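model-v6.cif (mmCIF, C-alpha atoms)
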```
data_upload
#
loop_
_atom_site.group_PDB
_atom_site.id
_atom_site.type_symbol
_atom_site.label_atom_id
_atom_site.label_comp_id
_atom_site.auth_asym_id
_atom_site.auth_seq_id
_atom_site.Cartn_x
_atom_site.Cartn_y
_atom_site.Cartn_z
ATOM 1 C CA MET A 1 -113.014 110.307 114.303
ATOM 2 C CA PRO A 2 -115.995 109.516 112.011
ATOM 3 C CA ALA A 3 -118.531 106.878 113.080
ATOM 4 C CA ALA A 4 -121.318 105.214 111.084
ATOM 5 C CA THR A 5 -124.236 103.139 112.379
ATOM 6 C CA GLY A 6 -126.365 100.473 110.738
ATOM 7 C CA THR A 7 -129.470 102.519 111.540
ATOM 8 C CA PHE A 8 -128.179 105.595 109.711
ATOM 9 C CA PRO A 9 -125.920 104.154 106.964
ATOM 10 C CA ASN A 10 -125.643 107.397 104.976
ATOM 11 C CA GLU A 11 -124.726 109.595 107.943
ATOM 12 C CA THR A 12 -121.446 109.984 109.758
ATOM 13 C CA PHE A 13 -121.085 111.325 113.248
ATOM 14 C CA LYS A 14 -117.867 113.104 114.177
ATOM 15 C CA GLY A 15 -116.285 112.923 117.588
ATOM 16 C CA GLU A 16 -113.093 112.774 119.597
ATOM 17 C CA ILE A 17 -111.382 110.155 121.718
ATOM 18 C CA SER A 18 -111.784 111.196 125.334
ATOM 19 C CA ALA A 19 -110.024 108.267 127.087
ATOM 20 C CA ILE A 20 -107.862 105.247 126.237
ATOM 21 C CA ASP A 21 -107.632 102.299 128.630
ATOM 22 C CA PRO A 22 -103.920 101.589 129.230
ATOM 23 C CA LYS A 23 -104.603 97.828 129.510
ATOM 24 C CA VAL A 24 -104.102 95.877 126.260
ATOM 25 C CA ASP A 25 -105.866 92.528 125.853
ATOM 26 C CA THR A 26 -102.973 90.105 125.248
ATOM 27 C CA ASP A 27 -105.149 87.646 123.277
ATOM 28 C CA THR A 28 -106.719 90.080 120.816
ATOM 29 C CA ARG A 29 -104.384 93.110 121.151
ATOM 30 C CA ASN A 30 -107.490 95.267 121.501
ATOM 31 C CA VAL A 31 -107.684 98.433 123.560
ATOM 32 C CA GLN A 32 -110.838 99.937 124.990
ATOM 33 C CA VAL A 33 -111.452 103.524 123.942
ATOM 34 C CA ARG A 34 -114.048 106.030 125.130
ATOM 35 C CA ALA A 35 -115.227 108.566 122.583
ATOM 36 C CA THR A 36 -117.443 111.617 122.745
ATOM 37 C CA LEU A 37 -119.594 112.029 119.641
ATOM 38 C CA LYS A 38 -121.678 114.920 118.465
ATOM 39 C CA ASN A 39 -125.323 113.804 118.352
ATOM 40 C CA PRO A 40 -127.336 116.318 116.331
ATOM 41 C CA GLY A 41 -131.067 115.646 116.594
ATOM 42 C CA ASN A 42 -130.445 113.053 119.343
ATOM 43 C CA LYS A 43 -130.401 110.243 116.762
ATOM 44 C CA LEU A 44 -127.813 108.137 118.610
ATOM 45 C CA LEU A 45 -129.306 106.156 121.474
ATOM 46 C CA PRO A 46 -127.687 104.138 124.291
ATOM 47 C CA GLY A 47 -126.894 100.569 123.225
ATOM 48 C CA MET A 48 -126.448 101.318 119.501
ATOM 49 C CA PHE A 49 -123.404 99.900 117.736
ATOM 50 C CA ALA A 50 -121.253 101.891 115.369
ATOM 51 C CA THR A 51 -118.328 101.352 113.025
ATOM 52 C CA VAL A 52 -115.585 103.801 113.930
ATOM 53 C CA SER A 53 -112.579 104.999 111.941
ATOM 54 C CA ILE A 54 -109.787 106.442 114.051
ATOM 55 C CA LEU A 55 -107.412 108.715 112.178
ATOM 56 C CA SER A 56 -103.972 108.763 113.743
ATOM 57 C CA GLY A 57 -100.817 110.489 112.666
ATOM 58 C CA GLN A 58 -100.339 112.395 109.474
ATOM 59 C CA ALA A 59 -99.498 111.177 106.015
ATOM 60 C CA GLN A 60 -95.748 111.091 105.475
ATOM 61 C CA THR A 61 -93.802 111.101 102.236
ATOM 62 C CA PHE A 62 -90.671 108.977 101.914
ATOM 63 C CA VAL A 63 -88.206 108.198 99.168
ATOM 64 C CA THR A 64 -88.519 104.427 98.739
ATOM 65 C CA LEU A 65 -86.421 101.911 96.864
ATOM 66 C CA PRO A 66 -86.919 98.247 96.077
ATOM 67 C CA GLN A 67 -85.009 96.012 98.489
ATOM 68 C CA THR A 68 -82.918 94.732 95.571
ATOM 69 C CA ALA A 69 -81.354 98.195 95.121
ATOM 70 C CA ILE A 70 -79.821 98.179 98.618
ATOM 71 C CA THR A 71 -76.643 96.321 99.544
ATOM 72 C CA TYR A 72 -76.835 95.348 103.216
ATOM 73 C CA SER A 73 -73.513 94.864 105.002
ATOM 74 C CA PRO A 74 -72.149 95.021 108.562
ATOM 75 C CA TYR A 75 -70.325 98.319 107.970
ATOM 76 C CA GLY A 76 -73.391 100.067 106.516
ATOM 77 C CA ASN A 77 -76.109 99.821 103.902
ATOM 78 C CA THR A 78 -75.267 101.257 100.493
ATOM 79 C CA VAL A 79 -76.763 101.995 97.097
ATOM 80 C CA PHE A 80 -75.134 102.977 93.825
ATOM 81 C CA LEU A 81 -76.254 106.302 92.391
ATOM 82 C CA VAL A 82 -75.910 107.087 88.688
ATOM 83 C CA GLU A 83 -73.859 110.237 88.095
ATOM 84 C CA GLN A 84 -73.470 112.026 84.774
ATOM 85 C CA LYS A 85 -69.870 113.114 84.085
ATOM 86 C CA GLY A 86 -69.944 115.114 80.889
ATOM 87 C CA LYS A 87 -70.366 113.697 77.384
ATOM 88 C CA GLY A 88 -68.454 110.975 75.598
ATOM 89 C CA ALA A 89 -66.919 111.096 72.111
ATOM 90 C CA ASP A 90 -70.243 109.919 70.661
ATOM 91 C CA GLY A 91 -72.104 112.841 72.290
ATOM 92 C CA LYS A 92 -73.956 110.614 74.758
ATOM 93 C CA PRO A 93 -73.713 111.304 78.496
ATOM 94 C CA VAL A 94 -71.030 109.395 80.412
ATOM 95 C CA LEU A 95 -72.693 107.644 83.366
ATOM 96 C CA LEU A 96 -70.637 106.488 86.345
ATOM 97 C CA ALA A 97 -71.549 104.611 89.541
ATOM 98 C CA LYS A 98 -71.160 106.405 92.866
ATOM 99 C CA GLN A 99 -71.583 104.437 96.071
ATOM 100 C CA SER A 100 -73.652 106.148 98.744
ATOM 101 C CA PHE A 101 -74.273 105.068 102.328
ATOM 102 C CA VAL A 102 -77.961 105.137 103.211
ATOM 103 C CA THR A 103 -80.012 105.093 106.377
ATOM 104 C CA THR A 104 -82.995 102.838 105.891
ATOM 105 C CA GLY A 105 -86.343 103.181 107.593
ATOM 106 C CA ARG A 106 -89.498 101.133 107.631
ATOM 107 C CA THR A 107 -90.163 98.386 105.132
ATOM 108 C CA ARG A 108 -93.489 97.780 103.418
ATOM 109 C CA GLY A 109 -93.532 94.778 101.138
ATOM 110 C CA ASP A 110 -90.664 95.091 98.676
ATOM 111 C CA GLN A 111 -90.183 98.814 99.386
ATOM 112 C CA VAL A 112 -87.731 100.288 101.885
ATOM 113 C CA ALA A 113 -87.929 103.899 103.066
ATOM 114 C CA ILE A 114 -84.645 105.761 102.666
ATOM 115 C CA LEU A 115 -84.129 108.366 105.397
ATOM 116 C CA LYS A 116 -80.645 109.598 104.355
ATOM 117 C CA GLY A 117 -78.317 109.126 101.394
ATOM 118 C CA VAL A 118 -80.757 109.372 98.478
ATOM 119 C CA LYS A 119 -82.999 112.270 97.527
ATOM 120 C CA ALA A 120 -86.046 112.408 95.291
ATOM 121 C CA GLY A 121 -85.054 112.420 91.630
ATOM 122 C CA ASP A 122 -81.773 110.497 92.049
ATOM 123 C CA THR A 123 -81.229 107.594 89.665
ATOM 124 C CA VAL A 124 -80.302 104.434 91.549
ATOM 125 C CA VAL A 125 -78.853 101.139 90.302
ATOM 126 C CA GLY A 126 -81.549 98.518 90.899
ATOM 127 C CA SER A 127 -79.574 95.322 90.280
ATOM 128 C CA GLY A 128 -76.070 94.068 89.558
ATOM 129 C CA GLN A 129 -74.418 95.851 92.489
ATOM 130 C CA LEU A 130 -71.945 92.985 92.984
ATOM 131 C CA LYS A 131 -70.423 93.721 89.579
ATOM 132 C CA ILE A 132 -69.776 97.447 90.079
ATOM 133 C CA LYS A 133 -67.756 99.761 92.313
ATOM 134 C CA ASN A 134 -67.202 103.524 92.530
ATOM 135 C CA GLY A 135 -66.464 104.972 89.094
ATOM 136 C CA THR A 136 -67.676 101.984 87.066
ATOM 137 C CA PRO A 137 -69.115 103.140 83.717
ATOM 138 C CA LEU A 138 -72.820 102.332 83.465
ATOM 139 C CA ILE A 139 -75.307 101.667 80.699
ATOM 140 C CA ILE A 140 -78.948 102.056 81.675
ATOM 141 C CA ASN A 141 -81.045 99.061 80.669
ATOM 142 C CA ASN A 142 -84.618 99.178 81.935
ATOM 143 C CA ALA A 143 -85.646 95.955 80.149
ATOM 144 C CA VAL A 144 -85.902 94.221 83.537
ATOM 145 C CA THR A 145 -87.589 96.147 86.322
ATOM 146 C CA PRO A 146 -86.997 95.014 89.919
ATOM 147 C CA VAL A 147 -90.028 94.055 91.980
ATOM 148 C CA ASP A 148 -91.319 97.034 93.973
ATOM 149 C CA ASN A 149 -94.681 95.861 95.317
ATOM 150 C CA PRO A 150 -96.014 97.523 98.510
ATOM 151 C CA ALA A 151 -98.182 94.457 99.260
ATOM 152 C CA PRO A 152 -96.579 91.338 97.750
ATOM 153 C CA LYS A 153 -98.427 88.025 97.858
ATOM 154 C CA PRO A 154 -96.739 84.618 97.628
ATOM 155 C CA GLU A 155 -97.435 82.781 94.401
ATOM 156 C CA ASP A 156 -96.783 79.276 93.149
ATOM 157 C CA ARG A 157 -94.556 78.907 90.112
#
```
Rewrite the structure of this file - the entire thing - as structure tokens.
Amino acid sequence: MPAATGTFPNETFKGEISAIDPKVDTDTRNVQVRATLKNPGNKLLPGMFATVSILSGQAQTFVTLPQTAITYSPYGNTVFLVEQKGKGADGKPVLLAKQSFVTTGRTRGDQVAILKGVKAGDTVVGSGQLKIKNGTPLIINNAVTPVDNPAPKPEDR
């Protein structure tokens, strides 16, 4: 837990959380925390204010898809994966749609974490799912890219 003070703007003081008050302020959703900081040279004095950064949890990596790539339905959420099935008469790969049930996780903006059903490196159909079913031949056209913004902002059009 690094802390910085206005008196010493170029120094950080490291410490640990020693207690967390279980009471949450319902108006502000704040929680009182007690921390123990290392104070080399006794620079920190009682009554000083500090800006504190609390690091919690560890970074996690997820496979994410734009929301438009997922078909939500009562019997389960699905995506269409692109499978290569040999080569056609023209020597180009034959691409077919394969429906896959997925378990979705948290959503951030236009992105949805996929917990099961898709692995890193899979090619997924991003739009037009209503027009295809298992085994439908596909042509990849990346002229239109679906929105995949982690922090979308409303805009007037």
On this structure, the PyMOL selection byres ((chain A and resi 148-156) around 12) would catch which residues? List them as a PDB file with C-alpha atoms, in the frame of the given file, sorted by chain and number.
```
ATOM      1  CA  THR A  64     -88.519 104.427  98.739  1.00  0.00           C
ATOM      2  CA  LEU A  65     -86.421 101.911  96.864  1.00  0.00           C
ATOM      3  CA  PRO A  66     -86.919  98.247  96.077  1.00  0.00           C
ATOM      4  CA  GLN A  67     -85.009  96.012  98.489  1.00  0.00           C
ATOM      5  CA  THR A  68     -82.918  94.732  95.571  1.00  0.00           C
ATOM      6  CA  ALA A  69     -81.354  98.195  95.121  1.00  0.00           C
ATOM      7  CA  ARG A 106     -89.498 101.133 107.631  1.00  0.00           C
ATOM      8  CA  THR A 107     -90.163  98.386 105.132  1.00  0.00           C
ATOM      9  CA  ARG A 108     -93.489  97.780 103.418  1.00  0.00           C
ATOM     10  CA  GLY A 109     -93.532  94.778 101.138  1.00  0.00           C
ATOM     11  CA  ASP A 110     -90.664  95.091  98.676  1.00  0.00           C
ATOM     12  CA  GLN A 111     -90.183  98.814  99.386  1.00  0.00           C
ATOM     13  CA  VAL A 112     -87.731 100.288 101.885  1.00  0.00           C
ATOM     14  CA  ALA A 113     -87.929 103.899 103.066  1.00  0.00           C
ATOM     15  CA  GLY A 126     -81.549  98.518  90.899  1.00  0.00           C
ATOM     16  CA  THR A 145     -87.589  96.147  86.322  1.00  0.00           C
ATOM     17  CA  PRO A 146     -86.997  95.014  89.919  1.00  0.00           C
ATOM     18  CA  VAL A 147     -90.028  94.055  91.980  1.00  0.00           C
ATOM     19  CA  ARG A 157     -94.556  78.907  90.112  1.00  0.00           C
TER      20      ARG A 157
END
```
Quiz item: Expressed in Å to a single decimal, how great is the separation between atom CA of Lys119 of chain A and atom CA of Ala59 of chain A?
Solution: 18.6 Å
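Atom pair atom CA of Lys98 of chain A / atom CA of Val82 of chain A has a distance of 6.4 Å (rounded to one decimal).
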Self-check item: Residues matched by the PyMOL selection byres ((chain A and resi 38) around 7) as an MDAnalysis selection string
Solution: chainID A and resid 13:15 36:37 39:40
Please dump the current selection as a short mmCIF file (atom, residue, chain, number, x, y, z; two decimals), in the frame of the given file; keep C-alpha atoms.
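Output saved as selection.cif:
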```cif
data_model
loop_
_atom_site.label_atom_id
_atom_site.label_comp_id
_atom_site.auth_asym_id
_atom_site.auth_seq_id
_atom_site.Cartn_x
_atom_site.Cartn_y
_atom_site.Cartn_z
CA PHE A 13 -121.08 111.32 113.25
CA LYS A 14 -117.87 113.10 114.18
CA GLY A 15 -116.28 112.92 117.59
CA THR A 36 -117.44 111.62 122.74
CA LEU A 37 -119.59 112.03 119.64
CA ASN A 39 -125.32 113.80 118.35
CA PRO A 40 -127.34 116.32 116.33
#
```
Practice problem: Kindly resolve the PyMOL selection byres ((chain A and resi 52) around 12) on the present coordinates and return the residues as an MDAnalysis selection string. | Solution: chainID A and resid 1:6 12:17 33:37 49:51 53:55
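Going from atom CA of Val125 of chain A to atom CA of Phe80 of chain A covers 5.4 Å.
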Quiz item: What lies within 12 Å of Val94 of chain A using all atoms listed in the file, ignoring chain neighbours under 3 positions off, as an MDAnalysis selection string?
Solution: chainID A and resid 82:91 97 135:140
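Comparing A:Gln58, A:Ser18, A:Asn77, A:Gln129 by their smallest distance to Phe101 of chain A, the closest is A:Asn77 (using all atoms listed in the file).
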Practice problem: Measuring atom to atom with all atoms listed in the file, identify which of A:Val102, A:Gly41, A:Val144, A:Val24 is nearest to Val118 of chain A. | Solution: A:Val102
Quiz item: Closest to Glu11 of chain A among A:Val79, A:Val63, A:Ile114, A:Leu44, using all atoms listed in the file?
Solution: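 Among A:Val79, A:Val63, A:Ile114, A:Leu44, it is A:Leu44 that comes nearest to Glu11 of chain A.
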Centre, x/y/z edge lengths, axis-aligned box for segment 32-51 of chain A with 3 Å per side, as AutoDock Vina command-line options:
```
--center_x -121.0 --center_y 108.1 --center_z 119.1 --size_x 26.2 --size_y 22.4 --size_z 18.1
```
Self-check item: Residue with smallest distance to Phe62 of chain A - pool A:Met48, A:Ala120, A:Ala143, A:Leu96, counting all atoms listed in the file
Solution: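 For Phe62 of chain A, the nearest of the given residues is A:Ala120.
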